[in-house]
>>> print(open('model.cif').read())   # mmCIF, C-alpha atoms
data_entry
loop_
_atom_site.group_PDB
_atom_site.id
_atom_site.type_symbol
_atom_site.label_atom_id
_atom_site.label_comp_id
_atom_site.auth_asym_id
_atom_site.auth_seq_id
_atom_site.Cartn_x
_atom_site.Cartn_y
_atom_site.Cartn_z
ATOM 1 C CA MET A 12 -26.331 11.444 -16.737
ATOM 2 C CA TYR A 13 -26.814 11.321 -13.004
ATOM 3 C CA LYS A 14 -24.308 10.717 -10.252
ATOM 4 C CA ALA A 15 -25.637 8.751 -7.301
ATOM 5 C CA LYS A 16 -23.853 9.104 -3.971
ATOM 6 C CA ILE A 17 -24.754 6.088 -1.907
ATOM 7 C CA ASN A 18 -23.943 5.689 1.773
ATOM 8 C CA VAL A 19 -24.380 2.223 3.232
ATOM 9 C CA THR A 20 -24.363 2.118 7.030
ATOM 10 C CA LEU A 21 -24.686 -0.632 9.570
ATOM 11 C CA ARG A 22 -27.973 -0.512 11.435
ATOM 12 C CA PRO A 23 -27.615 1.025 14.896
ATOM 13 C CA SER A 24 -28.181 -2.285 16.678
ATOM 14 C CA ILE A 25 -25.345 -4.026 14.803
ATOM 15 C CA LEU A 26 -21.900 -4.081 16.425
ATOM 16 C CA ASP A 27 -19.319 -2.127 14.441
ATOM 17 C CA PRO A 28 -15.758 -3.278 15.237
ATOM 18 C CA GLN A 29 -14.266 -1.054 12.513
ATOM 19 C CA GLY A 30 -15.887 2.012 14.034
ATOM 20 C CA LYS A 31 -14.685 0.972 17.497
ATOM 21 C CA ALA A 32 -11.133 0.560 16.180
ATOM 22 C CA ILE A 33 -11.204 4.059 14.656
ATOM 23 C CA HIS A 34 -12.569 5.464 17.914
ATOM 24 C CA HIS A 35 -9.788 3.831 19.961
ATOM 25 C CA ALA A 36 -7.139 5.041 17.509
ATOM 26 C CA LEU A 37 -8.465 8.602 17.741
ATOM 27 C CA GLU A 38 -8.407 8.407 21.542
ATOM 28 C CA SER A 39 -4.771 7.252 21.368
ATOM 29 C CA LEU A 40 -4.024 10.283 19.213
ATOM 30 C CA GLY A 41 -5.576 12.535 21.859
ATOM 31 C CA TYR A 42 -8.904 13.338 20.205
ATOM 32 C CA ASP A 43 -11.076 12.893 23.277
ATOM 33 C CA ALA A 44 -13.888 14.998 21.822
ATOM 34 C CA VAL A 45 -14.900 12.094 19.589
ATOM 35 C CA GLU A 46 -17.661 10.200 21.387
ATOM 36 C CA HIS A 47 -18.744 7.591 18.901
ATOM 37 C CA VAL A 48 -17.719 6.391 15.453
ATOM 38 C CA ARG A 49 -19.587 4.280 12.904
ATOM 39 C CA MET A 50 -17.992 2.979 9.732
ATOM 40 C CA GLY A 51 -19.811 2.363 6.480
ATOM 41 C CA LYS A 52 -19.354 2.188 2.746
ATOM 42 C CA PHE A 53 -19.563 4.926 0.163
ATOM 43 C CA VAL A 54 -20.313 4.197 -3.481
ATOM 44 C CA GLU A 55 -20.401 6.731 -6.311
ATOM 45 C CA MET A 56 -22.314 5.552 -9.351
ATOM 46 C CA TRP A 57 -22.677 7.338 -12.688
ATOM 47 C CA ILE A 58 -26.005 6.370 -14.224
ATOM 48 C CA ASP A 59 -27.040 7.092 -17.809
ATOM 49 C CA ALA A 60 -30.756 7.856 -17.344
ATOM 50 C CA GLU A 61 -33.177 10.359 -18.869
ATOM 51 C CA THR A 62 -34.905 11.303 -15.647
ATOM 52 C CA GLU A 63 -33.991 11.532 -11.998
ATOM 53 C CA ALA A 64 -36.711 8.988 -11.199
ATOM 54 C CA ALA A 65 -35.139 6.451 -13.569
ATOM 55 C CA ALA A 66 -31.697 7.014 -12.046
ATOM 56 C CA GLN A 67 -33.168 6.695 -8.553
ATOM 57 C CA ALA A 68 -34.765 3.365 -9.517
ATOM 58 C CA VAL A 69 -31.438 1.978 -10.759
ATOM 59 C CA ALA A 70 -29.539 3.138 -7.668
ATOM 60 C CA GLN A 71 -32.242 1.778 -5.366
ATOM 61 C CA ALA A 72 -32.191 -1.619 -7.099
ATOM 62 C CA ALA A 73 -28.381 -1.729 -6.975
ATOM 63 C CA CYS A 74 -28.495 -1.121 -3.225
ATOM 64 C CA GLU A 75 -31.209 -3.657 -2.568
ATOM 65 C CA LYS A 76 -29.757 -6.421 -4.734
ATOM 66 C CA LEU A 77 -26.031 -5.913 -4.408
ATOM 67 C CA LEU A 78 -24.591 -3.199 -2.193
ATOM 68 C CA ALA A 79 -26.474 -3.466 1.079
ATOM 69 C CA ASN A 80 -27.372 -6.418 3.244
ATOM 70 C CA PRO A 81 -30.996 -5.639 4.165
ATOM 71 C CA VAL A 82 -30.739 -7.537 7.444
ATOM 72 C CA MET A 83 -27.811 -5.523 8.773
ATOM 73 C CA GLU A 84 -27.504 -2.364 6.728
ATOM 74 C CA ASP A 85 -29.372 0.787 5.734
ATOM 75 C CA PHE A 86 -28.581 2.939 2.737
ATOM 76 C CA SER A 87 -29.200 6.468 1.569
ATOM 77 C CA ILE A 88 -29.037 7.757 -1.994
ATOM 78 C CA VAL A 89 -28.376 11.330 -3.107
ATOM 79 C CA LEU A 90 -28.633 12.077 -6.822
ATOM 80 C CA GLU A 91 -27.164 14.971 -8.748
ATOM 81 C CA GLN A 92 -27.256 15.691 -12.447
ATOM 82 C CA VAL A 93 -23.807 15.785 -14.040
ATOM 83 C CA GLU A 94 -22.369 16.316 -17.490
ATOM 84 C CA PRO A 95 -21.498 13.067 -19.288
ATOM 85 C CA GLU A 96 -17.849 14.216 -19.473
ATOM 86 C CA ALA A 97 -17.667 14.095 -15.681
ATOM 87 C CA ALA A 98 -17.821 10.311 -15.720
ATOM 88 C CA MET B 23 -22.641 17.764 19.877
ATOM 89 C CA TYR B 24 -21.973 17.579 16.175
ATOM 90 C CA LYS B 25 -22.207 14.658 13.820
ATOM 91 C CA ALA B 26 -19.594 14.595 11.069
ATOM 92 C CA LYS B 27 -20.344 12.635 7.930
ATOM 93 C CA ILE B 28 -17.041 11.888 6.272
ATOM 94 C CA ASN B 29 -16.681 10.428 2.802
ATOM 95 C CA VAL B 30 -13.231 9.174 1.834
ATOM 96 C CA THR B 31 -12.779 8.532 -1.879
ATOM 97 C CA LEU B 32 -9.909 7.301 -3.991
ATOM 98 C CA ARG B 33 -8.421 10.038 -6.174
ATOM 99 C CA PRO B 34 -9.642 9.806 -9.770
ATOM 100 C CA SER B 35 -6.254 8.669 -11.090
ATOM 101 C CA ILE B 36 -6.084 5.688 -8.695
ATOM 102 C CA LEU B 37 -7.360 2.332 -9.945
ATOM 103 C CA ASP B 38 -10.419 1.109 -8.052
ATOM 104 C CA PRO B 39 -10.827 -2.674 -8.315
ATOM 105 C CA GLN B 40 -13.731 -2.711 -5.828
ATOM 106 C CA GLY B 41 -15.644 -0.222 -7.948
ATOM 107 C CA LYS B 42 -14.882 -2.243 -11.064
ATOM 108 C CA ALA B 43 -16.159 -5.404 -9.372
ATOM 109 C CA ILE B 44 -19.416 -3.676 -8.408
ATOM 110 C CA HIS B 45 -19.783 -2.360 -11.959
ATOM 111 C CA HIS B 46 -19.315 -5.845 -13.438
ATOM 112 C CA ALA B 47 -21.770 -7.360 -10.971
ATOM 113 C CA LEU B 48 -24.386 -4.732 -11.860
ATOM 114 C CA GLU B 49 -23.874 -5.456 -15.560
ATOM 115 C CA SER B 50 -24.400 -9.161 -14.868
ATOM 116 C CA LEU B 51 -27.653 -8.250 -13.121
ATOM 117 C CA GLY B 52 -28.767 -6.334 -16.232
ATOM 118 C CA TYR B 53 -28.213 -2.753 -15.044
ATOM 119 C CA ASP B 54 -26.582 -1.473 -18.221
ATOM 120 C CA ALA B 55 -27.423 2.149 -17.377
ATOM 121 C CA VAL B 56 -24.593 2.198 -14.842
ATOM 122 C CA GLU B 57 -21.533 3.625 -16.587
ATOM 123 C CA HIS B 58 -18.965 3.904 -13.859
ATOM 124 C CA VAL B 59 -18.646 3.031 -10.177
ATOM 125 C CA ARG B 60 -16.193 4.219 -7.538
ATOM 126 C CA MET B 61 -16.003 2.762 -4.063
ATOM 127 C CA GLY B 62 -14.999 4.634 -0.947
ATOM 128 C CA LYS B 63 -15.391 4.713 2.797
ATOM 129 C CA PHE B 64 -18.020 6.430 4.920
ATOM 130 C CA VAL B 65 -17.408 7.358 8.532
ATOM 131 C CA GLU B 66 -19.912 8.915 10.913
ATOM 132 C CA MET B 67 -18.339 10.607 13.901
ATOM 133 C CA TRP B 68 -20.112 12.164 16.879
ATOM 134 C CA ILE B 69 -17.969 14.998 18.220
ATOM 135 C CA ASP B 70 -18.527 16.777 21.531
ATOM 136 C CA ALA B 71 -17.599 20.358 20.606
ATOM 137 C CA GLU B 72 -18.935 23.795 21.478
ATOM 138 C CA THR B 73 -18.740 25.254 17.998
ATOM 139 C CA GLU B 74 -18.981 23.958 14.456
ATOM 140 C CA ALA B 75 -15.447 25.242 13.805
ATOM 141 C CA ALA B 76 -14.077 23.134 16.666
ATOM 142 C CA ALA B 77 -15.902 20.039 15.423
ATOM 143 C CA GLN B 78 -14.643 20.703 11.894
ATOM 144 C CA ALA B 79 -11.069 20.908 13.204
ATOM 145 C CA VAL B 80 -11.363 17.538 14.962
ATOM 146 C CA ALA B 81 -12.912 15.842 11.920
ATOM 147 C CA GLN B 82 -10.301 17.367 9.608
ATOM 148 C CA ALA B 83 -7.449 16.176 11.826
ATOM 149 C CA ALA B 84 -8.969 12.696 12.094
ATOM 150 C CA CYS B 85 -9.091 12.473 8.296
ATOM 151 C CA GLU B 86 -5.580 13.769 7.780
ATOM 152 C CA LYS B 87 -3.940 11.669 10.479
ATOM 153 C CA LEU B 88 -5.959 8.470 10.412
ATOM 154 C CA LEU B 89 -8.794 7.956 7.977
ATOM 155 C CA ALA B 90 -7.442 9.046 4.608
ATOM 156 C CA ASN B 91 -4.190 8.297 2.839
ATOM 157 C CA PRO B 92 -3.257 11.735 1.476
ATOM 158 C CA VAL B 93 -1.342 10.236 -1.443
ATOM 159 C CA MET B 94 -4.276 8.232 -2.769
ATOM 160 C CA GLU B 95 -7.455 9.556 -1.217
ATOM 161 C CA ASP B 96 -9.571 12.674 -0.897
ATOM 162 C CA PHE B 97 -12.128 13.321 1.820
ATOM 163 C CA SER B 98 -15.144 15.516 2.379
ATOM 164 C CA ILE B 99 -16.723 16.430 5.694
ATOM 165 C CA VAL B 100 -20.324 17.469 6.300
ATOM 166 C CA LEU B 101 -21.247 18.575 9.811
ATOM 167 C CA GLU B 102 -24.658 18.743 11.392
ATOM 168 C CA GLN B 103 -25.650 19.682 14.915
ATOM 169 C CA VAL B 104 -27.360 16.863 16.799
ATOM 170 C CA GLU B 105 -28.797 16.338 20.240
ATOM 171 C CA PRO B 106 -26.440 14.480 22.608
ATOM 172 C CA GLU B 107 -29.051 11.714 22.978
ATOM 173 C CA ALA B 108 -28.673 10.889 19.282
ATOM 174 C CA ALA B 109 -25.218 9.460 19.849
#
>>> encode(input="model.cif", output="structure tokens")
Amino acid sequence: MYKAKINVTLRPSILDPQGKAIHHALESLGYDAVEHVRMGKFVEMWIDAETEAAAQAVAQAACEKLLANPVMEDFSIVLEQVEPEAA
Amino acid sequence: MYKAKINVTLRPSILDPQGKAIHHALESLGYDAVEHVRMGKFVEMWIDAETEAAAQAVAQAACEKLLANPVMEDFSIVLEQVEPEAA
């Protein structure tokens, strides 16, 4: 059993109104040290696979076909082996 | 300049309809190896701070006061030092 931690982010050239809204809210709260904010999605996926390569293939396909819009978004996948009970 | 990568996740006891929807969609696409999916938020924040401790304090406060609902959500923060140009 592998747990995939997937971060989907907007590409740098794409406007990010959610990130801008968070940035403005933080400025209103007095956190001037924050210079820039980008908002994305985080997906945790428990994958029943024998090998890390097999789990990586499933997570990659899930991102390409479902989770990320390849025109506007990038994704990164981090895998860790977990006990089946952890699901 | 530090970049904070913040993952906000629903607590395990909270129902996650978005994760369920992703799981069902992946099953429809034939990815039966996926056993469980949880959906969360990902925020990247560029923080102008002298020390990692100062950047950590800003990111922590941003999570507690704005980004995460402490009743329903957990968050994790990973900091890395970046060049100011990277913002």
>>> closest_residue(input="model.cif", among="B:Glu74, B:Glu66, B:Asp96, B:Glu102", to="chain A", atoms="all atoms listed in the file")
B:Glu66
>>> resolve_selection(input="model.cif", expression="the PyMOL selection byres ((chain B) within 10 of (chain A))", output="ChimeraX atom specification")
/B:23-31,40-41,44-45,47-48,51,53-71,76-77,80-81,83-84,87-89,106,109
>>> residues_around(input="model.cif", residues="Met83 in chain A", least_positions_apart="6", cutoff="10 Å", atoms="all atoms listed in the file", output="VMD selection string")
chain A and resid 20 to 26
>>> calpha_fit_and_write(input="model.cif", fixed="chain A", moving="chain B", output="mmCIF file with C-alpha atoms, in the coordinates of the input")
data_model
loop_
_atom_site.group_PDB
_atom_site.id
_atom_site.type_symbol
_atom_site.label_atom_id
_atom_site.label_comp_id
_atom_site.auth_asym_id
_atom_site.auth_seq_id
_atom_site.Cartn_x
_atom_site.Cartn_y
_atom_site.Cartn_z
ATOM 1 C CA MET B 23 -26.331 11.449 -16.739
ATOM 2 C CA TYR B 24 -26.810 11.338 -13.005
ATOM 3 C CA LYS B 25 -24.314 10.706 -10.266
ATOM 4 C CA ALA B 26 -25.643 8.752 -7.297
ATOM 5 C CA LYS B 27 -23.866 9.099 -3.983
ATOM 6 C CA ILE B 28 -24.769 6.077 -1.917
ATOM 7 C CA ASN B 29 -23.949 5.683 1.753
ATOM 8 C CA VAL B 30 -24.392 2.215 3.232
ATOM 9 C CA THR B 31 -24.370 2.111 7.026
ATOM 10 C CA LEU B 32 -24.697 -0.651 9.570
ATOM 11 C CA ARG B 33 -28.005 -0.529 11.444
ATOM 12 C CA PRO B 34 -27.624 1.022 14.897
ATOM 13 C CA SER B 35 -28.180 -2.289 16.698
ATOM 14 C CA ILE B 36 -25.342 -4.034 14.815
ATOM 15 C CA LEU B 37 -21.902 -4.077 16.432
ATOM 16 C CA ASP B 38 -19.310 -2.120 14.460
ATOM 17 C CA PRO B 39 -15.761 -3.270 15.256
ATOM 18 C CA GLN B 40 -14.244 -1.056 12.534
ATOM 19 C CA GLY B 41 -15.867 2.011 14.053
ATOM 20 C CA LYS B 42 -14.680 0.971 17.500
ATOM 21 C CA ALA B 43 -11.129 0.559 16.194
ATOM 22 C CA ILE B 44 -11.194 4.050 14.666
ATOM 23 C CA HIS B 45 -12.565 5.463 17.921
ATOM 24 C CA HIS B 46 -9.777 3.835 19.954
ATOM 25 C CA ALA B 47 -7.126 5.041 17.520
ATOM 26 C CA LEU B 48 -8.454 8.608 17.739
ATOM 27 C CA GLU B 49 -8.382 8.415 21.538
ATOM 28 C CA SER B 50 -4.761 7.258 21.372
ATOM 29 C CA LEU B 51 -4.017 10.289 19.198
ATOM 30 C CA GLY B 52 -5.565 12.553 21.857
ATOM 31 C CA TYR B 53 -8.904 13.347 20.196
ATOM 32 C CA ASP B 54 -11.061 12.894 23.283
ATOM 33 C CA ALA B 55 -13.874 15.011 21.818
ATOM 34 C CA VAL B 56 -14.882 12.101 19.593
ATOM 35 C CA GLU B 57 -17.644 10.205 21.389
ATOM 36 C CA HIS B 58 -18.728 7.595 18.913
ATOM 37 C CA VAL B 59 -17.722 6.387 15.456
ATOM 38 C CA ARG B 60 -19.583 4.269 12.918
ATOM 39 C CA MET B 61 -18.018 2.968 9.741
ATOM 40 C CA GLY B 62 -19.827 2.360 6.489
ATOM 41 C CA LYS B 63 -19.366 2.173 2.756
ATOM 42 C CA PHE B 64 -19.577 4.918 0.151
ATOM 43 C CA VAL B 65 -20.322 4.198 -3.484
ATOM 44 C CA GLU B 66 -20.418 6.725 -6.307
ATOM 45 C CA MET B 67 -22.321 5.551 -9.351
ATOM 46 C CA TRP B 68 -22.672 7.330 -12.690
ATOM 47 C CA ILE B 69 -26.006 6.366 -14.233
ATOM 48 C CA ASP B 70 -27.044 7.093 -17.815
ATOM 49 C CA ALA B 71 -30.748 7.874 -17.362
ATOM 50 C CA GLU B 72 -33.180 10.356 -18.874
ATOM 51 C CA THR B 73 -34.913 11.312 -15.655
ATOM 52 C CA GLU B 74 -33.989 11.536 -11.997
ATOM 53 C CA ALA B 75 -36.719 8.988 -11.210
ATOM 54 C CA ALA B 76 -35.133 6.453 -13.568
ATOM 55 C CA ALA B 77 -31.692 7.010 -12.051
ATOM 56 C CA GLN B 78 -33.170 6.690 -8.559
ATOM 57 C CA ALA B 79 -34.756 3.363 -9.531
ATOM 58 C CA VAL B 80 -31.432 1.972 -10.774
ATOM 59 C CA ALA B 81 -29.540 3.131 -7.674
ATOM 60 C CA GLN B 82 -32.253 1.765 -5.379
ATOM 61 C CA ALA B 83 -32.188 -1.626 -7.101
ATOM 62 C CA ALA B 84 -28.384 -1.733 -6.981
ATOM 63 C CA CYS B 85 -28.500 -1.135 -3.224
ATOM 64 C CA GLU B 86 -31.218 -3.678 -2.573
ATOM 65 C CA LYS B 87 -29.770 -6.428 -4.747
ATOM 66 C CA LEU B 88 -26.038 -5.919 -4.389
ATOM 67 C CA LEU B 89 -24.600 -3.211 -2.192
ATOM 68 C CA ALA B 90 -26.485 -3.463 1.087
ATOM 69 C CA ASN B 91 -27.376 -6.423 3.257
ATOM 70 C CA PRO B 92 -30.997 -5.639 4.163
ATOM 71 C CA VAL B 93 -30.753 -7.531 7.449
ATOM 72 C CA MET B 94 -27.826 -5.516 8.774
ATOM 73 C CA GLU B 95 -27.504 -2.352 6.736
ATOM 74 C CA ASP B 96 -29.369 0.783 5.740
ATOM 75 C CA PHE B 97 -28.592 2.932 2.720
ATOM 76 C CA SER B 98 -29.219 6.460 1.542
ATOM 77 C CA ILE B 99 -29.043 7.748 -2.011
ATOM 78 C CA VAL B 100 -28.377 11.319 -3.116
ATOM 79 C CA LEU B 101 -28.634 12.067 -6.828
ATOM 80 C CA GLU B 102 -27.172 14.960 -8.740
ATOM 81 C CA GLN B 103 -27.249 15.699 -12.445
ATOM 82 C CA VAL B 104 -23.801 15.788 -14.033
ATOM 83 C CA GLU B 105 -22.380 16.338 -17.477
ATOM 84 C CA PRO B 106 -21.489 13.094 -19.293
ATOM 85 C CA GLU B 107 -17.850 14.246 -19.489
ATOM 86 C CA ALA B 108 -17.629 14.131 -15.691
ATOM 87 C CA ALA B 109 -17.769 10.352 -15.694
#
>>> atom_distance(input="model.cif", atom1="CA of Ile88 in chain A", atom2="CA of Cys74 in chain A")
9.0 Å
>>> atom_distance(input="model.cif", atom1="CA of Phe97 in chain B", atom2="CA of Gln78 in chain B")
12.7 Å
>>> atom_distance(input="model.cif", atom1="CA of Glu49 in chain B", atom2="CA of Ala68 in chain A")
15.3 Å
>>> axis_aligned_box(input="model.cif", around="range 15-18 of chain A", padding_each_side="8 Å", output="lines of an AutoDock Vina configuration file")
center_x = -24.7
center_y = 7.4
center_z = -2.8
size_x = 17.8
size_y = 19.4
size_z = 25.1
>>> build_atoms(input="model.cif", residues="range 25-57 of chain A", atoms="N, CA and C atoms", output="mmCIF file, in the coordinates of the input")
data_model
loop_
_atom_site.group_PDB
_atom_site.id
_atom_site.type_symbol
_atom_site.label_atom_id
_atom_site.label_comp_id
_atom_site.auth_asym_id
_atom_site.auth_seq_id
_atom_site.Cartn_x
_atom_site.Cartn_y
_atom_site.Cartn_z
ATOM 1 N N ILE A 25 -26.401 -3.094 15.213
ATOM 2 C CA ILE A 25 -25.345 -4.026 14.803
ATOM 3 C C ILE A 25 -23.991 -3.544 15.328
ATOM 4 N N LEU A 26 -23.237 -4.430 15.941
ATOM 5 C CA LEU A 26 -21.900 -4.081 16.425
ATOM 6 C C LEU A 26 -21.013 -3.658 15.264
ATOM 7 N N ASP A 27 -20.155 -2.674 15.506
ATOM 8 C CA ASP A 27 -19.319 -2.127 14.441
ATOM 9 C C ASP A 27 -17.861 -2.107 14.896
ATOM 10 N N PRO A 28 -17.144 -3.231 14.757
ATOM 11 C CA PRO A 28 -15.758 -3.278 15.237
ATOM 12 C C PRO A 28 -14.827 -2.310 14.508
ATOM 13 N N GLN A 29 -15.105 -2.025 13.224
ATOM 14 C CA GLN A 29 -14.266 -1.054 12.513
ATOM 15 C C GLN A 29 -14.403 0.332 13.126
ATOM 16 N N GLY A 30 -15.657 0.715 13.404
ATOM 17 C CA GLY A 30 -15.887 2.012 14.034
ATOM 18 C C GLY A 30 -15.225 2.089 15.400
ATOM 19 N N LYS A 31 -15.330 1.014 16.176
ATOM 20 C CA LYS A 31 -14.685 0.972 17.497
ATOM 21 C C LYS A 31 -13.175 1.131 17.362
ATOM 22 N N ALA A 32 -12.586 0.475 16.375
ATOM 23 C CA ALA A 32 -11.133 0.560 16.180
ATOM 24 C C ALA A 32 -10.720 1.987 15.852
ATOM 25 N N ILE A 33 -11.512 2.662 14.991
ATOM 26 C CA ILE A 33 -11.204 4.059 14.656
ATOM 27 C C ILE A 33 -11.313 4.929 15.903
ATOM 28 N N HIS A 34 -12.366 4.686 16.689
ATOM 29 C CA HIS A 34 -12.569 5.464 17.914
ATOM 30 C C HIS A 34 -11.378 5.312 18.865
ATOM 31 N N HIS A 35 -10.938 4.069 19.078
ATOM 32 C CA HIS A 35 -9.788 3.831 19.961
ATOM 33 C C HIS A 35 -8.531 4.511 19.422
ATOM 34 N N ALA A 36 -8.325 4.424 18.102
ATOM 35 C CA ALA A 36 -7.139 5.041 17.509
ATOM 36 C C ALA A 36 -7.170 6.551 17.702
ATOM 37 N N LEU A 37 -8.357 7.156 17.553
ATOM 38 C CA LEU A 37 -8.465 8.602 17.741
ATOM 39 C C LEU A 37 -8.211 8.983 19.194
ATOM 40 N N GLU A 38 -8.696 8.143 20.131
ATOM 41 C CA GLU A 38 -8.407 8.407 21.542
ATOM 42 C C GLU A 38 -6.903 8.353 21.799
ATOM 43 N N SER A 39 -6.225 7.361 21.199
ATOM 44 C CA SER A 39 -4.771 7.252 21.368
ATOM 45 C C SER A 39 -4.061 8.485 20.837
ATOM 46 N N LEU A 40 -4.627 9.083 19.790
ATOM 47 C CA LEU A 40 -4.024 10.283 19.213
ATOM 48 C C LEU A 40 -4.399 11.544 19.989
ATOM 49 N N GLY A 41 -5.243 11.391 21.012
ATOM 50 C CA GLY A 41 -5.576 12.535 21.859
ATOM 51 C C GLY A 41 -6.875 13.238 21.511
ATOM 52 N N TYR A 42 -7.650 12.684 20.583
ATOM 53 C CA TYR A 42 -8.904 13.338 20.205
ATOM 54 C C TYR A 42 -10.040 12.831 21.090
ATOM 55 N N ASP A 43 -10.091 13.364 22.311
ATOM 56 C CA ASP A 43 -11.076 12.893 23.277
ATOM 57 C C ASP A 43 -12.474 13.419 22.987
ATOM 58 N N ALA A 44 -12.575 14.421 22.123
ATOM 59 C CA ALA A 44 -13.888 14.998 21.822
ATOM 60 C C ALA A 44 -14.755 14.035 21.015
ATOM 61 N N VAL A 45 -14.128 13.044 20.392
ATOM 62 C CA VAL A 45 -14.900 12.094 19.589
ATOM 63 C C VAL A 45 -15.578 11.101 20.516
ATOM 64 N N GLU A 46 -16.904 11.031 20.448
ATOM 65 C CA GLU A 46 -17.661 10.200 21.387
ATOM 66 C C GLU A 46 -18.050 8.854 20.814
ATOM 67 N N HIS A 47 -18.166 8.795 19.495
ATOM 68 C CA HIS A 47 -18.744 7.591 18.901
ATOM 69 C C HIS A 47 -18.404 7.612 17.410
ATOM 70 N N VAL A 48 -18.057 6.462 16.877
ATOM 71 C CA VAL A 48 -17.719 6.391 15.453
ATOM 72 C C VAL A 48 -18.418 5.179 14.840
ATOM 73 N N ARG A 49 -19.004 5.392 13.659
ATOM 74 C CA ARG A 49 -19.587 4.280 12.904
ATOM 75 C C ARG A 49 -18.965 4.289 11.519
ATOM 76 N N MET A 50 -18.652 3.103 11.028
ATOM 77 C CA MET A 50 -17.992 2.979 9.732
ATOM 78 C C MET A 50 -18.981 2.393 8.728
ATOM 79 N N GLY A 51 -18.947 2.899 7.525
ATOM 80 C CA GLY A 51 -19.811 2.363 6.480
ATOM 81 C C GLY A 51 -19.114 2.371 5.141
ATOM 82 N N LYS A 52 -19.897 2.203 4.098
ATOM 83 C CA LYS A 52 -19.354 2.188 2.746
ATOM 84 C C LYS A 52 -19.912 3.365 1.966
ATOM 85 N N PHE A 53 -19.141 3.822 1.014
ATOM 86 C CA PHE A 53 -19.563 4.926 0.163
ATOM 87 C C PHE A 53 -19.361 4.483 -1.284
ATOM 88 N N VAL A 54 -20.408 4.591 -2.080
ATOM 89 C CA VAL A 54 -20.313 4.197 -3.481
ATOM 90 C C VAL A 54 -20.792 5.365 -4.338
ATOM 91 N N GLU A 55 -19.987 5.742 -5.314
ATOM 92 C CA GLU A 55 -20.401 6.731 -6.311
ATOM 93 C C GLU A 55 -20.728 5.977 -7.590
ATOM 94 N N MET A 56 -21.855 6.295 -8.182
ATOM 95 C CA MET A 56 -22.314 5.552 -9.351
ATOM 96 C C MET A 56 -22.806 6.543 -10.411
ATOM 97 N N TRP A 57 -22.234 6.478 -11.587
ATOM 98 C CA TRP A 57 -22.677 7.338 -12.688
ATOM 99 C C TRP A 57 -23.690 6.555 -13.507
#
